[in-house]
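Pasting start_2.txt here (compact mmCIF, C-alpha atoms):
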# COMPACT_ATOMS: atom_id res chain seq x y z
CA MET T 1 115.37 109.30 123.05
CA ALA T 2 115.91 108.21 119.45
CA LYS T 3 118.06 110.33 117.20
CA GLU T 4 116.18 112.55 114.82
CA ILE T 5 115.99 111.18 111.27
CA LEU T 6 117.18 113.96 108.98
CA LEU T 7 116.66 113.92 105.23
CA THR T 8 117.31 116.32 102.41
CA PRO T 9 114.29 117.05 100.20
CA GLU T 10 115.93 114.95 97.47
CA GLY T 11 116.45 112.04 99.86
CA HIS T 12 112.85 112.25 101.07
CA LYS T 13 111.62 112.16 97.48
CA MET T 14 113.91 109.18 96.74
CA LEU T 15 112.53 107.19 99.70
CA LEU T 16 108.92 108.00 98.74
CA LYS T 17 109.63 106.80 95.20
CA GLU T 18 111.20 103.56 96.47
CA LEU T 19 108.23 102.96 98.79
CA ASP T 20 105.77 103.48 95.95
CA GLU T 21 107.75 101.10 93.70
CA LEU T 22 107.77 98.41 96.39
CA LYS T 23 104.05 98.76 97.14
CA THR T 24 102.85 98.88 93.55
CA VAL T 25 105.30 96.99 91.34
CA LYS T 26 107.32 94.66 93.56
CA ARG T 27 104.36 93.41 95.61
CA ARG T 28 102.55 92.51 92.38
CA GLU T 29 105.62 90.75 91.00
CA VAL T 30 106.07 88.60 94.10
CA ALA T 31 102.35 87.81 94.21
CA GLU T 32 102.63 86.52 90.64
CA GLN T 33 105.72 84.47 91.57
CA LEU T 34 103.78 82.92 94.47
CA ARG T 35 100.80 82.16 92.22
CA GLN T 36 103.04 80.44 89.67
CA ALA T 37 104.88 78.47 92.37
CA ARG T 38 101.60 77.28 93.90
CA ALA T 39 100.58 75.96 90.48
CA HIS T 40 103.47 73.48 90.68
CA GLY T 41 101.64 71.53 93.38
CA ASP T 42 103.05 70.32 96.69
CA LEU T 43 104.40 73.34 98.62
CA ARG T 44 106.44 71.27 101.11
CA GLU T 45 109.35 70.80 98.70
CA ASN T 46 108.71 73.66 96.33
CA PHE T 47 111.87 75.76 96.05
CA ALA T 48 110.21 78.39 93.86
CA TYR T 49 107.49 78.90 96.48
CA ASP T 50 109.99 79.12 99.35
CA ASP T 51 112.12 81.56 97.36
CA ALA T 52 109.10 83.75 96.54
CA LYS T 53 108.06 83.77 100.23
CA ARG T 54 111.58 84.88 101.24
CA HIS T 55 111.48 87.59 98.58
CA GLN T 56 108.05 88.69 99.84
CA ALA T 57 109.38 88.92 103.41
CA LEU T 58 112.29 91.09 102.26
CA ILE T 59 109.97 93.42 100.37
CA GLU T 60 107.54 93.72 103.29
CA GLY T 61 110.43 94.37 105.69
CA ARG T 62 111.80 97.13 103.48
CA ILE T 63 108.32 98.67 103.18
CA ARG T 64 108.02 98.73 107.00
CA ASP T 65 111.49 100.29 107.32
CA LEU T 66 110.71 102.99 104.76
CA GLN T 67 107.34 103.78 106.33
CA TYR T 68 109.02 104.13 109.73
CA VAL T 69 111.62 106.55 108.36
CA ILE T 70 109.17 108.59 106.27
CA GLU T 71 106.68 108.95 109.14
CA ARG T 72 109.34 110.13 111.59
CA CYS T 73 111.78 112.09 109.46
CA LYS T 74 112.48 115.78 109.42
CA VAL T 75 113.08 117.17 105.94
CA VAL T 76 115.78 119.84 106.16
CA GLU T 77 115.69 122.47 103.42
CA ARG T 78 118.93 124.08 102.32
CA PRO T 79 119.22 127.69 103.49
CA ASP T 80 118.41 130.30 100.86
CA GLY T 81 121.35 132.13 99.33
CA VAL T 82 125.03 131.58 99.92
CA THR T 83 126.08 130.03 103.19
CA ASP T 84 129.54 129.94 104.66
CA TYR T 85 128.95 126.95 106.91
CA ILE T 86 128.35 123.27 106.21
CA HIS T 87 124.85 121.92 106.77
CA LEU T 88 122.76 118.98 105.61
CA GLY T 89 122.67 119.09 101.81
CA SER T 90 125.92 121.05 101.42
CA GLU T 91 128.20 120.21 98.51
CA ILE T 92 131.77 120.39 99.79
CA GLU T 93 135.22 120.48 98.22
CA LEU T 94 138.01 119.24 100.50
CA THR T 95 141.77 118.79 100.34
CA ASN T 96 143.64 116.18 102.36
CA VAL T 97 146.24 118.33 104.15
CA GLU T 98 148.92 115.63 104.12
CA SER T 99 148.55 114.21 100.60
CA GLY T 100 147.03 117.16 98.75
CA GLU T 101 144.36 114.83 97.36
CA LYS T 102 141.10 116.61 96.52
CA ALA T 103 137.64 115.25 97.28
CA SER T 104 134.08 116.35 96.59
CA LEU T 105 131.10 115.19 98.60
CA THR T 106 127.54 116.00 99.55
CA LEU T 107 126.47 115.82 103.19
CA VAL T 108 123.20 113.88 103.51
CA GLY T 109 121.05 112.06 106.04
CA VAL T 110 122.00 108.54 107.08
CA TYR T 111 119.30 106.92 104.90
CA GLU T 112 120.58 108.76 101.81
CA ALA T 113 124.27 107.97 102.19
CA ASP T 114 125.87 106.42 99.11
CA PRO T 115 129.68 106.43 98.96
CA MET T 116 129.59 105.48 95.26
CA GLN T 117 127.85 108.82 94.56
CA ASP T 118 129.98 110.78 97.06
CA LYS T 119 127.00 111.20 99.40
CA VAL T 120 128.30 111.08 102.97
CA SER T 121 126.12 110.69 106.06
CA VAL T 122 125.99 113.53 108.53
CA LEU T 123 126.53 110.87 111.23
CA SER T 124 129.71 109.45 109.67
CA PRO T 125 133.10 110.49 111.06
CA VAL T 126 133.57 112.83 108.07
CA GLY T 127 130.06 114.25 108.41
CA GLU T 128 130.40 114.85 112.13
CA ALA T 129 133.74 116.61 111.62
CA LEU T 130 132.35 118.86 108.87
CA ILE T 131 128.89 119.90 110.09
CA GLY T 132 128.79 123.56 111.09
CA ARG T 133 132.33 124.26 109.86
CA GLY T 134 133.33 126.82 107.23
CA VAL T 135 135.57 127.46 104.24
CA GLY T 136 139.28 127.54 105.08
CA GLU T 137 138.93 125.56 108.28
CA ILE T 138 140.99 122.45 108.94
CA VAL T 139 139.03 119.52 110.36
CA ASP T 140 140.28 116.33 111.97
CA VAL T 141 138.48 113.16 110.91
CA VAL T 142 138.95 110.18 113.21
CA THR T 143 139.15 106.90 111.26
CA PRO T 144 140.12 103.35 112.23
CA LYS T 145 143.41 103.89 110.37
CA GLY T 146 144.19 107.13 112.20
CA ASP T 147 143.28 110.80 112.06
CA ILE T 148 143.11 112.61 108.73
CA GLN T 149 143.14 116.37 108.35
CA TYR T 150 141.10 118.04 105.62
CA ARG T 151 140.94 121.68 104.56
CA ILE T 152 137.50 122.88 103.52
CA ASP T 153 137.95 124.58 100.14
CA SER T 154 134.36 125.41 99.23
CA VAL T 155 130.79 124.99 100.41
CA ARG T 156 127.74 125.20 98.12
Please go through the file and, once you have read it, give me the structure as C-alpha cells.
Amino acid sequence: MAKEILLTPEGHKMLLKELDELKTVKRREVAEQLRQARAHGDLRENFAYDDAKRHQALIEGRIRDLQYVIERCKVVERPDGVTDYIHLGSEIELTNVESGEKASLTLVGVYEADPMQDKVSVLSPVGEALIGRGVGEIVDVVTPKGDIQYRIDSVR
C-alpha cells in the first residue's frame, strides 16, 4: 500500500497555485515557443523546436505529478489551541545537545519540504524523530554522519 500523502493547508494551496500556473501560463508560453520554432522551417535540425518540445514534456510531466499528489493527498489541519506535541505543521525550536546550536524549523509534508526555508519533511530523519514528541524531550536523529541529539525547546 502506498504511503499517505500528507500536506499542510499552506502546502496544498501552494501546489494548487503551481498547477494553475503551469496549466494557464506555462502551457501558453511553450505553445508560443513551438509556434515560433515551426516558423523557422525544417523541424529535423531545428534546435529551438527540439528545446521547446523538451520544455513542454517537462511541464506536462510536472502537471501530471501535481495532479496525482493533489487528487490523493490528505490535508492535515493544525489542531486548535496550544499543543504540547509535534505534528504536521508544527513550528519547532531545537537545540543541538552537543554543540548548543539552536535551530528553527517547520514540519511539513514531503512535497512541501524546502531546506532553504527551514521546512523539513515529516518523512526525513529529523521529521521522523520529532513527530509526536514534546517540549523538553531529547530526540536522537540518525544521519549518515552519525547520530545527533536535539532538545525540543518549543512547539507552536
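The residue that comes closest to Gly109 of chain T, out of T:Asn46, T:Gln149, T:Ser124, T:Thr143 and on the basis of only C-alpha atoms, is T:Ser124.
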Surrounding residues of Leu107 of chain T excluding itself and chain neighbours under 4 positions, 10 Å, only C-alpha atoms, as number ranges by chain: T: 8, 86-92, 112-113, 118-124, 126-128, 130-131
T:Arg28, T:Leu34, T:Lys13, T:Asp153 ranked by distance to Glu101 of chain T, top pick (using all atoms listed in the file): T:Asp153
Pairwise distance for atom CA of Val110 of chain T and atom CA of Lys53 of chain T, rounded to one decimal in Å: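 So the answer is 29.2 Å.
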Selection: 9 Å around Pro9 of chain T, only C-alpha atoms, excl. self and same-chain fewer than 5 positions, as JSON, numbers by chain: {"T": [14, 75, 76, 77, 78, 89]}
Could you save the residues just selected, with C-alpha atoms, as a CSV table (one decimal), keeping the file's coordinate frame?
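Result file part.csv:
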chain,number,residue,atom,x,y,z
T,14,MET,CA,113.9,109.2,96.7
T,75,VAL,CA,113.1,117.2,105.9
T,76,VAL,CA,115.8,119.8,106.2
T,77,GLU,CA,115.7,122.5,103.4
T,78,ARG,CA,118.9,124.1,102.3
T,89,GLY,CA,122.7,119.1,101.8
One-decimal distance in Å that lies between atom CA of Ser154 of chain T and atom CA of Val135 of chain T: 5.5 Å
One-decimal distance in Å that lies between atom CA of Arg38 of chain T and atom CA of Leu58 of chain T: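 Computing the Euclidean distance for atom CA of Leu58 of chain T and atom CA of Arg38 of chain T yields 19.4 Å.
Checking T:Cys73, T:Ala129, T:Leu15, T:Ala48 one by one against Gln36 of chain T, counting all atoms listed in the file, you find the shortest gap at T:Ala48.
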Residue nearest Thr95 of chain T - candidates T:Gly136, T:Pro115, T:Gly146, T:Gly41, atoms counted: all atoms listed in the file: T:Gly136
Distance criterion (only C-alpha atoms): nearest to Asp80 of chain T out of T:Arg156, T:Leu94, T:Arg151, T:Ala31: T:Arg156
